[in-house]
>>> print(open('coords.pdb').read())   # PDB, C-alpha atoms and all ligand atoms
ATOM      1  CA  MET A  13      94.162  93.013 121.370
ATOM      2  CA  ASN A  14      96.543  95.962 121.925
ATOM      3  CA  LYS A  15      96.711  97.754 118.644
ATOM      4  CA  LYS A  16     100.142  98.832 117.405
ATOM      5  CA  PRO A  17     100.308 102.610 116.803
ATOM      6  CA  VAL A  18     101.612 103.276 113.296
ATOM      7  CA  ILE A  19     102.272 106.067 110.813
ATOM      8  CA  ILE A  20     101.868 105.174 107.130
ATOM      9  CA  ASP A  21     103.970 107.027 104.527
ATOM     10  CA  THR A  22     102.773 106.170 101.044
ATOM     11  CA  ASP A  23     102.532 107.124  97.346
ATOM     12  CA  PRO A  24      99.158 105.706  96.228
ATOM     13  CA  GLY A  25      99.374 103.943  93.526
ATOM     14  CA  ILE A  26      97.587 100.653  93.196
ATOM     15  CA  ASP A  27      99.684  98.425  95.446
ATOM     16  CA  ASP A  28      99.779 101.228  98.010
ATOM     17  CA  ALA A  29      95.955 101.197  97.869
ATOM     18  CA  MET A  30      95.944  97.474  98.660
ATOM     19  CA  MET A  31      98.301  98.154 101.583
ATOM     20  CA  LEU A  32      95.977 100.908 102.886
ATOM     21  CA  ILE A  33      92.903  98.658 102.611
ATOM     22  CA  TYR A  34      94.765  95.986 104.578
ATOM     23  CA  ALA A  35      96.057  98.444 107.210
ATOM     24  CA  PHE A  36      92.636  99.945 107.943
ATOM     25  CA  ALA A  37      90.940  96.536 107.948
ATOM     26  CA  SER A  38      93.458  95.149 110.420
ATOM     27  CA  ASP A  39      92.580  94.712 114.096
ATOM     28  CA  ALA A  40      96.278  94.877 114.915
ATOM     29  CA  LEU A  41      97.008  98.452 113.821
ATOM     30  CA  ASP A  42      96.025 101.885 115.101
ATOM     31  CA  VAL A  43      96.853 104.185 112.170
ATOM     32  CA  LYS A  44      97.514 107.568 113.749
ATOM     33  CA  LEU A  45      98.638 109.410 110.600
ATOM     34  CA  VAL A  46      98.979 108.969 106.844
ATOM     35  CA  THR A  47     101.646 111.003 105.048
ATOM     36  CA  THR A  48     101.996 111.174 101.286
ATOM     37  CA  GLU A  49     105.096 110.796  99.148
ATOM     38  CA  ALA A  50     105.872 111.924  95.620
ATOM     39  CA  GLY A  51     106.754 108.695  93.856
ATOM     40  CA  ASN A  52     104.306 106.695  91.783
ATOM     41  CA  LEU A  53     102.754 110.041  90.916
ATOM     42  CA  SER A  54     103.230 113.709  91.758
ATOM     43  CA  GLN A  55     102.698 114.838  95.322
ATOM     44  CA  ALA A  56      99.433 116.515  94.305
ATOM     45  CA  LYS A  57      98.090 113.237  92.892
ATOM     46  CA  THR A  58      99.249 110.958  95.704
ATOM     47  CA  SER A  59      97.776 113.326  98.293
ATOM     48  CA  TYR A  60      94.467 113.490  96.426
ATOM     49  CA  ASN A  61      94.436 109.704  96.045
ATOM     50  CA  ALA A  62      95.010 109.218  99.765
ATOM     51  CA  GLN A  63      92.110 111.573 100.510
ATOM     52  CA  ALA A  64      89.803 109.927  97.950
ATOM     53  CA  LEU A  65      90.552 106.309  98.882
ATOM     54  CA  LEU A  66      90.449 106.839 102.656
ATOM     55  CA  SER A  67      87.243 108.885 102.386
ATOM     56  CA  TYR A  68      85.713 106.022 100.374
ATOM     57  CA  LEU A  69      86.869 103.541 103.035
ATOM     58  CA  GLN A  70      85.069 105.768 105.561
ATOM     59  CA  VAL A  71      88.059 105.938 107.901
ATOM     60  CA  ASP A  72      88.889 108.954 110.042
ATOM     61  CA  VAL A  73      92.603 109.764 109.914
ATOM     62  CA  GLU A  74      94.872 112.779 109.462
ATOM     63  CA  ILE A  75      96.405 112.954 105.978
ATOM     64  CA  ALA A  76      99.480 115.180 105.773
ATOM     65  CA  LYS A  77     101.075 116.172 102.479
ATOM     66  CA  GLY A  78     104.758 115.377 102.058
ATOM     67  CA  LEU A  79     107.646 116.922 100.169
ATOM     68  CA  GLU A  80     107.153 117.787  96.512
ATOM     69  CA  HIS A  81     110.214 115.992  95.138
ATOM     70  CA  PRO A  82     113.232 113.847  96.062
ATOM     71  CA  ILE A  83     116.081 115.419  98.018
ATOM     72  CA  LEU A  84     118.364 115.952  95.026
ATOM     73  CA  ARG A  85     117.178 113.940  92.022
ATOM     74  CA  PRO A  86     114.332 115.071  89.748
ATOM     75  CA  LEU A  87     111.067 113.224  90.435
ATOM     76  CA  GLU A  88     110.405 110.219  88.196
ATOM     77  CA  VAL A  89     106.878 108.806  88.390
ATOM     78  CA  ALA A  90     105.324 105.446  87.458
ATOM     79  CA  GLU A  91     102.080 106.449  85.739
ATOM     80  CA  ASP A  92     102.833 103.801  83.110
ATOM     81  CA  ILE A  93     102.104 101.171  85.755
ATOM     82  CA  HIS A  94      99.487 102.840  87.963
ATOM     83  CA  GLY A  95      97.713 104.929  85.319
ATOM     84  CA  GLU A  96      97.344 108.704  85.018
ATOM     85  CA  THR A  97      95.132 108.885  88.102
ATOM     86  CA  GLY A  98      97.150 106.302  90.006
ATOM     87  CA  PHE A  99      94.262 103.860  90.412
ATOM     88  CA  GLY A 100      94.143 102.482  86.888
ATOM     89  CA  THR A 101      90.800 103.139  85.236
ATOM     90  CA  ILE A 102      88.687 103.504  88.356
ATOM     91  CA  THR A 103      87.734 106.662  90.210
ATOM     92  CA  PHE A 104      86.395 107.269  93.682
ATOM     93  CA  PRO A 105      83.815 109.841  94.802
ATOM     94  CA  ALA A 106      85.148 113.308  95.683
ATOM     95  CA  PRO A 107      87.024 113.104  98.988
ATOM     96  CA  THR A 108      85.484 114.293 102.254
ATOM     97  CA  LEU A 109      88.692 113.932 104.295
ATOM     98  CA  PRO A 110      90.704 117.200 104.215
ATOM     99  CA  LEU A 111      94.450 117.517 103.967
ATOM    100  CA  SER A 112      96.020 118.385 107.309
ATOM    101  CA  GLU A 113      97.201 121.942 107.912
ATOM    102  CA  ARG A 114     100.444 120.329 109.098
ATOM    103  CA  GLY A 115     102.951 119.147 106.519
ATOM    104  CA  ALA A 116     104.094 115.507 106.677
ATOM    105  CA  VAL A 117     107.375 116.119 108.528
ATOM    106  CA  GLU A 118     105.802 118.313 111.222
ATOM    107  CA  ALA A 119     102.820 115.966 111.586
ATOM    108  CA  MET A 120     105.117 112.951 111.969
ATOM    109  CA  ARG A 121     107.240 114.835 114.531
ATOM    110  CA  GLN A 122     104.269 115.840 116.651
ATOM    111  CA  VAL A 123     102.491 112.472 116.436
ATOM    112  CA  LEU A 124     105.669 110.602 117.370
ATOM    113  CA  LEU A 125     106.456 112.871 120.337
ATOM    114  CA  ALA A 126     102.849 112.701 121.558
ATOM    115  CA  SER A 127     102.660 108.899 121.460
ATOM    116  CA  ASP A 128     102.817 107.134 124.821
ATOM    117  CA  GLU A 129     104.817 104.330 123.188
ATOM    118  CA  PRO A 130     107.329 104.124 120.331
ATOM    119  CA  MET A 131     105.595 103.912 116.943
ATOM    120  CA  THR A 132     106.144 101.931 113.749
ATOM    121  CA  ILE A 133     106.496 103.786 110.454
ATOM    122  CA  ILE A 134     105.228 101.784 107.465
ATOM    123  CA  ALA A 135     106.778 103.350 104.355
ATOM    124  CA  THR A 136     105.815 102.191 100.869
ATOM    125  CA  GLY A 137     107.309 104.821  98.599
ATOM    126  CA  PRO A 138     110.539 106.791  98.278
ATOM    127  CA  LEU A 139     111.883 107.727 101.736
ATOM    128  CA  THR A 140     112.008 111.496 101.186
ATOM    129  CA  ASN A 141     109.639 112.406 104.047
ATOM    130  CA  VAL A 142     111.213 109.949 106.503
ATOM    131  CA  ALA A 143     114.732 111.147 105.695
ATOM    132  CA  ALA A 144     113.676 114.779 106.089
ATOM    133  CA  LEU A 145     112.111 113.961 109.465
ATOM    134  CA  LEU A 146     115.245 112.198 110.720
ATOM    135  CA  LEU A 147     117.549 114.991 109.508
ATOM    136  CA  ALA A 148     115.436 117.851 110.866
ATOM    137  CA  HIS A 149     114.300 116.199 114.095
ATOM    138  CA  PRO A 150     116.740 113.514 115.332
ATOM    139  CA  GLU A 151     115.016 113.805 118.708
ATOM    140  CA  VAL A 152     112.190 111.618 117.330
ATOM    141  CA  LYS A 153     114.445 108.560 116.852
ATOM    142  CA  PRO A 154     113.761 107.040 120.309
ATOM    143  CA  HIS A 155     110.038 107.417 119.533
ATOM    144  CA  ILE A 156     110.319 105.220 116.422
ATOM    145  CA  ALA A 157     110.203 101.516 117.267
ATOM    146  CA  HIS A 158     110.780 100.363 113.719
ATOM    147  CA  ILE A 159     110.557 101.378 110.067
ATOM    148  CA  SER A 160     109.011  98.773 107.771
ATOM    149  CA  TRP A 161     109.913  99.827 104.232
ATOM    150  CA  MET A 162     108.987  98.393 100.902
ATOM    151  CA  GLY A 163     112.002  99.161  98.761
ATOM    152  CA  GLY A 164     115.401  98.101  97.555
ATOM    153  CA  SER A 165     116.578  94.742  96.316
ATOM    154  CA  ALA A 166     119.516  92.464  96.961
ATOM    155  CA  VAL A 167     119.332  90.906  93.506
ATOM    156  CA  GLY A 168     117.941  92.754  90.520
ATOM    157  CA  GLY A 169     116.072  96.012  90.094
ATOM    158  CA  ASN A 170     112.908  97.146  88.321
ATOM    159  CA  MET A 171     114.098 100.635  87.324
ATOM    160  CA  SER A 172     117.623  99.662  86.285
ATOM    161  CA  PRO A 173     119.367  96.283  86.315
ATOM    162  CA  THR A 174     120.100  96.813  90.009
ATOM    163  CA  ALA A 175     117.848  99.573  91.398
ATOM    164  CA  GLU A 176     114.294  99.191  92.717
ATOM    165  CA  PHE A 177     111.852 102.090  92.114
ATOM    166  CA  ASN A 178     111.503 103.520  95.661
ATOM    167  CA  ALA A 179     115.256 103.519  96.194
ATOM    168  CA  TYR A 180     115.884 104.743  92.633
ATOM    169  CA  VAL A 181     113.571 107.763  92.920
ATOM    170  CA  ASP A 182     115.302 109.037  96.065
ATOM    171  CA  PRO A 183     118.563 107.192  96.774
ATOM    172  CA  HIS A 184     119.857 109.996  99.018
ATOM    173  CA  ALA A 185     116.812 109.665 101.269
ATOM    174  CA  ALA A 186     117.212 105.896 101.445
ATOM    175  CA  GLU A 187     120.890 106.189 102.384
ATOM    176  CA  ILE A 188     120.062 108.756 105.085
ATOM    177  CA  VAL A 189     117.463 106.407 106.593
ATOM    178  CA  PHE A 190     119.769 103.363 106.494
ATOM    179  CA  ARG A 191     122.469 105.418 108.258
ATOM    180  CA  SER A 192     120.030 106.742 110.873
ATOM    181  CA  GLY A 193     120.374 103.951 113.429
ATOM    182  CA  VAL A 194     116.600 103.385 113.446
ATOM    183  CA  ARG A 195     115.611  99.683 113.181
ATOM    184  CA  ILE A 196     114.525  98.879 109.604
ATOM    185  CA  THR A 197     112.790  95.911 108.034
ATOM    186  CA  MET A 198     113.375  95.978 104.279
ATOM    187  CA  SER A 199     110.828  94.298 102.006
ATOM    188  CA  GLY A 200     112.803  94.443  98.791
ATOM    189  CA  LEU A 201     112.020  92.894  95.437
ATOM    190  CA  ASP A 202     113.682  89.677  96.658
ATOM    191  CA  VAL A 203     110.603  89.001  98.773
ATOM    192  CA  THR A 204     107.929  91.086  97.050
ATOM    193  CA  HIS A 205     108.384  89.192  93.793
ATOM    194  CA  LYS A 206     107.519  86.026  95.725
ATOM    195  CA  ALA A 207     104.494  87.703  97.352
ATOM    196  CA  TYR A 208     102.346  87.384  94.269
ATOM    197  CA  VAL A 209      98.641  86.794  93.702
ATOM    198  CA  THR A 210      97.343  84.632  90.858
ATOM    199  CA  LEU A 211      94.335  85.249  88.637
ATOM    200  CA  PRO A 212      92.220  82.559  90.397
ATOM    201  CA  GLU A 213      93.015  84.316  93.698
ATOM    202  CA  VAL A 214      91.930  87.659  92.228
ATOM    203  CA  ALA A 215      88.710  85.879  91.236
ATOM    204  CA  ARG A 216      88.093  85.294  94.971
ATOM    205  CA  ILE A 217      87.825  89.068  95.301
ATOM    206  CA  ARG A 218      85.577  89.416  92.263
ATOM    207  CA  ALA A 219      83.289  86.774  93.792
ATOM    208  CA  ILE A 220      82.563  89.133  96.711
ATOM    209  CA  GLY A 221      80.383  90.839  94.125
ATOM    210  CA  THR A 222      80.006  94.368  95.567
ATOM    211  CA  PRO A 223      80.974  97.714  93.976
ATOM    212  CA  PHE A 224      83.874  97.946  96.438
ATOM    213  CA  ALA A 225      85.189  94.512  95.411
ATOM    214  CA  GLN A 226      84.731  95.398  91.743
ATOM    215  CA  ARG A 227      86.861  98.535  92.230
ATOM    216  CA  VAL A 228      89.578  96.473  93.890
ATOM    217  CA  GLU A 229      89.499  93.877  91.140
ATOM    218  CA  GLN A 230      89.564  96.523  88.403
ATOM    219  CA  MET A 231      92.638  98.143  89.976
ATOM    220  CA  LEU A 232      94.351  94.750  90.135
ATOM    221  CA  THR A 233      93.448  93.950  86.533
ATOM    222  CA  PHE A 234      94.951  97.257  85.371
ATOM    223  CA  TYR A 235      98.053  96.686  87.528
ATOM    224  CA  LEU A 236      98.580  93.219  86.031
ATOM    225  CA  ALA A 237      98.183  94.504  82.484
ATOM    226  CA  ASN A 238     100.782  97.235  83.035
ATOM    227  CA  MET A 239     103.446  95.582  85.168
ATOM    228  CA  HIS A 240     106.530  95.363  83.005
ATOM    229  CA  GLU A 241     108.579  93.378  85.453
ATOM    230  CA  THR A 242     109.844  89.952  84.456
ATOM    231  CA  PRO A 243     111.110  88.804  87.820
ATOM    232  CA  PHE A 244     113.105  85.626  87.835
ATOM    233  CA  HIS A 245     111.582  84.772  91.234
ATOM    234  CA  THR A 246     108.007  84.534  90.007
ATOM    235  CA  PRO A 247     106.646  81.612  88.007
ATOM    236  CA  ASN A 248     104.095  82.633  85.361
ATOM    237  CA  TYR A 249     105.012  86.261  85.991
ATOM    238  CA  SER A 250     102.724  87.454  83.178
ATOM    239  CA  THR A 251      99.652  86.164  85.021
ATOM    240  CA  THR A 252     100.599  87.049  88.567
ATOM    241  CA  LEU A 253     100.486  90.302  90.535
ATOM    242  CA  ARG A 254     103.397  91.271  92.745
ATOM    243  CA  PHE A 255     102.018  92.944  95.866
ATOM    244  CA  HIS A 256     105.090  94.968  96.773
ATOM    245  CA  ASP A 257     103.649  97.370  99.370
ATOM    246  CA  LEU A 258     101.463  94.806 101.102
ATOM    247  CA  CYS A 259     104.681  93.146 102.329
ATOM    248  CA  ALA A 260     105.653  96.211 104.363
ATOM    249  CA  VAL A 261     102.389  96.179 106.337
ATOM    250  CA  ILE A 262     102.023  92.395 106.744
ATOM    251  CA  ALA A 263     105.635  92.301 107.973
ATOM    252  CA  VAL A 264     104.322  94.430 110.878
ATOM    253  CA  THR A 265     101.095  92.537 111.631
ATOM    254  CA  HIS A 266     102.320  88.997 110.819
ATOM    255  CA  PRO A 267     106.154  88.944 110.808
ATOM    256  CA  HIS A 268     106.168  85.125 111.037
ATOM    257  CA  VAL A 269     104.822  84.968 107.467
ATOM    258  CA  PHE A 270     108.256  86.114 106.311
ATOM    259  CA  SER A 271     111.862  85.143 106.887
ATOM    260  CA  GLY A 272     114.960  87.246 106.370
ATOM    261  CA  MET A 273     118.438  88.099 107.600
ATOM    262  CA  ASP A 274     120.069  90.946 109.505
ATOM    263  CA  CYS A 275     122.428  92.647 107.056
ATOM    264  CA  TYR A 276     124.337  95.847 106.508
ATOM    265  CA  VAL A 277     122.623  97.780 103.703
ATOM    266  CA  SER A 278     123.968 100.842 101.895
ATOM    267  CA  VAL A 279     122.573 102.753  98.920
ATOM    268  CA  VAL A 280     124.398 103.940  95.804
ATOM    269  CA  VAL A 281     123.424 107.612  95.407
ATOM    270  CA  ASP A 282     124.816 108.599  92.002
ATOM    271  CA  GLY A 283     125.931 107.330  88.622
ATOM    272  CA  GLN A 284     124.424 104.550  86.560
ATOM    273  CA  ALA A 285     123.835 102.346  89.607
ATOM    274  CA  ALA A 286     122.048 105.084  91.610
ATOM    275  CA  GLY A 287     119.352 103.535  93.791
ATOM    276  CA  THR A 288     121.091 100.188  94.091
ATOM    277  CA  THR A 289     120.824  98.789  97.618
ATOM    278  CA  HIS A 290     124.000  96.883  98.455
ATOM    279  CA  VAL A 291     122.787  94.123 100.789
ATOM    280  CA  ASP A 292     125.747  92.592 102.607
ATOM    281  CA  TYR A 293     124.277  89.100 103.177
ATOM    282  CA  MET A 294     127.690  87.557 103.818
ATOM    283  CA  GLY A 295     129.117  90.229 106.091
ATOM    284  CA  ARG A 296     131.864  91.149 103.634
ATOM    285  CA  THR A 297     131.895  94.798 104.754
ATOM    286  CA  GLY A 298     132.543  93.883 108.376
ATOM    287  CA  LEU A 299     129.949  96.494 109.282
ATOM    288  CA  LEU A 300     127.195  95.779 111.788
ATOM    289  CA  PRO A 301     123.749  95.033 110.317
ATOM    290  CA  ASN A 302     121.445  98.046 110.016
ATOM    291  CA  ALA A 303     118.428  96.261 108.562
ATOM    292  CA  HIS A 304     116.453  93.042 108.619
ATOM    293  CA  VAL A 305     116.169  92.116 104.935
ATOM    294  CA  LEU A 306     113.267  89.833 104.042
ATOM    295  CA  HIS A 307     113.787  87.196 101.368
ATOM    296  CA  THR A 308     111.036  84.575 101.653
ATOM    297  CA  VAL A 309     107.308  84.564 102.327
ATOM    298  CA  ASP A 310     104.606  81.980 103.058
ATOM    299  CA  ARG A 311     102.658  82.983  99.967
ATOM    300  CA  ASP A 312      99.464  81.116 100.767
ATOM    301  CA  ALA A 313      99.231  82.765 104.189
ATOM    302  CA  PHE A 314     100.055  86.144 102.618
ATOM    303  CA  VAL A 315      97.255  85.854 100.049
ATOM    304  CA  ASP A 316      94.733  84.662 102.633
ATOM    305  CA  LEU A 317      95.537  87.657 104.849
ATOM    306  CA  PHE A 318      94.942  90.003 101.917
ATOM    307  CA  VAL A 319      91.679  88.421 100.779
ATOM    308  CA  ASP A 320      90.431  88.347 104.380
ATOM    309  CA  ALA A 321      91.219  92.058 104.712
ATOM    310  CA  VAL A 322      89.337  92.921 101.512
ATOM    311  CA  THR A 323      86.391  90.869 102.775
ATOM    312  CA  ARG A 324      86.416  92.664 106.141
ATOM    313  CA  MET A 325      86.730  96.093 104.533
ATOM    314  CA  ASN A 326      83.909  95.212 102.152
ATOM    315  CA  GLU A 327      81.607  94.696 105.153
ATOM    316  CA  ARG A 328      82.439  98.202 106.373
ATOM    317  CA  VAL A 329      82.234 100.138 103.129
ATOM    318  CA  GLN A 330      78.669 101.123 102.288
ATOM    319  CA  ASP A 331      79.380 101.836  98.653
ATOM    320  CA  ALA A 332      79.210 105.540  97.959
TER     321      ALA A 332
HETATM  322  O1  LIG A 401     109.156  98.849  93.271
HETATM  323  C1  LIG A 401     107.849  98.772  93.793
HETATM  324  C2  LIG A 401     107.486 100.030  94.511
HETATM  325  O2  LIG A 401     107.426 101.110  93.590
HETATM  326  C3  LIG A 401     106.082  99.975  95.144
HETATM  327  O3  LIG A 401     106.081 100.756  96.310
HETATM  328  C4  LIG A 401     105.195 100.600  94.109
HETATM  329  O4  LIG A 401     104.047 101.243  94.695
HETATM  330  C5  LIG A 401     106.109 101.638  93.540
HETATM  331  O5  LIG A 401     106.042 102.768  94.363
HETATM  332 CA    CA A 402     104.396 102.497  96.669
END
>>> encode(input="coords.pdb", output="structure tokens", more="lines below")
Ligand code: RIB
Ligand code: CA
Amino acid sequence: MNKKPVIIDTDPGIDDAMMLIYAFASDALDVKLVTTEAGNLSQAKTSYNAQALLSYLQVDVEIAKGLEHPILRPLEVAEDIHGETGFGTITFPAPTLPLSERGAVEAMRQVLLASDEPMTIIATGPLTNVAALLLAHPEVKPHIAHISWMGGSAVGGNMSPTAEFNAYVDPHAAEIVFRSGVRITMSGLDVTHKAYVTLPEVARIRAIGTPFAQRVEQMLTFYLANMHETPFHTPNYSTTLRFHDLCAVIAVTHPHVFSGMDCYVSVVVDGQAAGTTHVDYMGRTGLLPNAHVLHTVDRDAFVDLFVDAVTRMNERVQDA
């Protein structure tokens, strides 16, 4: 199978960790670079977490540190959901993978220009790094096939009544990316709240029975206990886990698992509604669509893909 060359921009965080496990277990992706965002935690913590997790997964990939804070707004983190370390109560052995000497923007620029085919960027945090790249180096745009972003929401936010966390933390970056002309698939809360995993499905991971599987299950248990969302989409929301970031990567490997619509999306950048993504489902703006906005998912297929990925990664990880 021809693997799709991708760059992953992430702010690990527990659901980012699940996305990374899936991405590196997938036969469909060739992850050329991981860049880290300030979002769920500070840049220092998300960079360290990327090093620690990917070292534990025994993968060999460049990890490049991103910008320290959003373009204009002060950084707001989500340690209440992901824990002080970002992985709940679990820790990983000291990382062996170093941080790249290149910063995230320069690493993305060079990797994109060196690729012999246009690449996909999978972004699962605020879009600060991606916006900075597109502003500083517009020459990379033809080298980006597609940005698959977890963020935004057409109906309802999780940081304010209308703003989702990744868009809320850096609304200016999100607006810059939506104006960039690069093709975007948006996995907003409309679809991620339907991409949930139930406790019996988490038990399938526990049943694998290895230290790796126990770490995954412990992260999920912490995540469930600390999610404050009460999404109207999700039945039994208090006993289900919304796998936000996993949507952005599975939308790349298995797009048929989702359905969505091409819409014009813009981002409110200031005031009480800052971070709100206005999704023009009905074409009321008269503006051409700039994103494919996902709204439904085949949840059974989604969960099976995740559990299969954990199982495959488990076979590769000789527990440190
Ligand atoms: O709103 C959900 C998003 O915010 C996810 O990317 C999660 O990791 C947090 O960053
Ligand atoms: Ca994230």
>>> residues_near_ligand(input="coords.pdb", ligand="ligand LIG 401 (chain A)", cutoff="7 Å", atoms="all atoms listed in the file", output="list in words")
Asp23, Pro24, Gly25, Ile26, Asp27, Asp28, Gly51, Asn52, Thr136, Gly137, Met162, Gly163, Asn170, Glu176, Phe177, Asn178, Leu201, His256 and Asp257 of chain A
>>> residues_around(input="coords.pdb", residues="A:Ser271", least_positions_apart="2", cutoff="10 Å", atoms="all atoms listed in the file", output="number ranges by chain")
A: 203, 263, 267-269, 273, 304-310
>>> closest_residue(input="coords.pdb", among="A:Ser112, A:Pro154, A:Cys259, A:Thr265", to="A:Pro17", atoms="all atoms listed in the file")
A:Thr265
>>> residues_near_point(input="coords.pdb", point="(107.0, 115.9, 116.7)", cutoff="12 Å", atoms="all atoms listed in the file", output="list in words")
Arg114, Gly115, Ala116, Val117, Glu118, Ala119, Met120, Arg121, Gln122, Val123, Leu124, Leu125, Ala126, Ser127, Leu145, Leu146, Ala148, His149, Pro150, Glu151, Val152, Lys153, Pro154, His155 and Ile156 of chain A
>>> closest_residue(input="coords.pdb", among="A:Pro223, A:Pro138, A:Gly272, A:Pro173", to="ligand CA 402 (chain A)", atoms="all atoms listed in the file")
A:Pro138
>>> resolve_selection(input="coords.pdb", expression="the PyMOL selection byres (((chain A and resi 161) around 9) and not hetatm)", output="list of chain:residue names")
A:Ile133, A:Ile134, A:Ala135, A:Thr136, A:Gly137, A:Leu139, A:Ile159, A:Ser160, A:Met162, A:Gly163, A:Gly164, A:Ile196, A:Thr197, A:Met198, A:Ser199, A:Gly200, A:Asp257, A:Cys259, A:Ala260, A:Val261
>>> closest_residue(input="coords.pdb", among="A:Ser38, A:Asn302, A:Thr323, A:Gln55", to="A:Phe190", atoms="only C-alpha atoms")
A:Asn302
>>> closest_residue(input="coords.pdb", among="A:Ile19, A:Ala186, A:Met239, A:Val73", to="A:Thr132", atoms="all atoms listed in the file")
A:Ile19
>>> closest_residue(input="coords.pdb", among="A:Pro212, A:Pro107, A:Gly298, A:Pro130", to="A:Val71", atoms="only C-alpha atoms")
A:Pro107
>>> atom_distance(input="coords.pdb", atom1="atom CA of A:Ala50", atom2="atom CA of A:Leu84")
13.1 Å
>>> residues_around(input="coords.pdb", residues="A:Asp182", least_positions_apart="3", cutoff="12 Å", atoms="all atoms listed in the file", output="ChimeraX atom specification")
/A:49-51,79-89,137-144,163-164,175-179,185-189,279-282,286-289
>>> atom_distance(input="coords.pdb", atom1="atom CA of A:Gln230", atom2="atom CA of A:Phe104")
12.4 Å
>>> closest_residue(input="coords.pdb", among="A:Arg218, A:Lys44, A:Arg328, A:Lys77", to="A:Ser59", atoms="all atoms listed in the file")
A:Lys77
>>> atom_distance(input="coords.pdb", atom1="atom CA of A:Leu253", atom2="atom CA of A:Tyr208")
5.1 Å
>>> resolve_selection(input="coords.pdb", expression="the PyMOL selection byres (((chain A and resi 300) around 9) and not hetatm)", output="ChimeraX atom specification")
/A:274-276,295,297-299,301-302
>>> residues_near_point(input="coords.pdb", point="(99.0, 111.9, 104.3)", cutoff="6 Å", atoms="only C-alpha atoms", output="list in words")
Val46, Thr47, Thr48, Ile75, Ala76 and Lys77 of chain A
>>> resolve_selection(input="coords.pdb", expression="the PyMOL selection byres (((chain A and resi 40) around 8) and not hetatm)", output="compact mmCIF listing (two decimals) with C-alpha atoms, in the coordinates of the input")
# COMPACT_ATOMS: atom_id res chain seq x y z
CA MET A 13 94.16 93.01 121.37
CA ASN A 14 96.54 95.96 121.92
CA LYS A 15 96.71 97.75 118.64
CA LYS A 16 100.14 98.83 117.40
CA SER A 38 93.46 95.15 110.42
CA ASP A 39 92.58 94.71 114.10
CA LEU A 41 97.01 98.45 113.82
CA ASP A 42 96.02 101.88 115.10
CA THR A 265 101.10 92.54 111.63
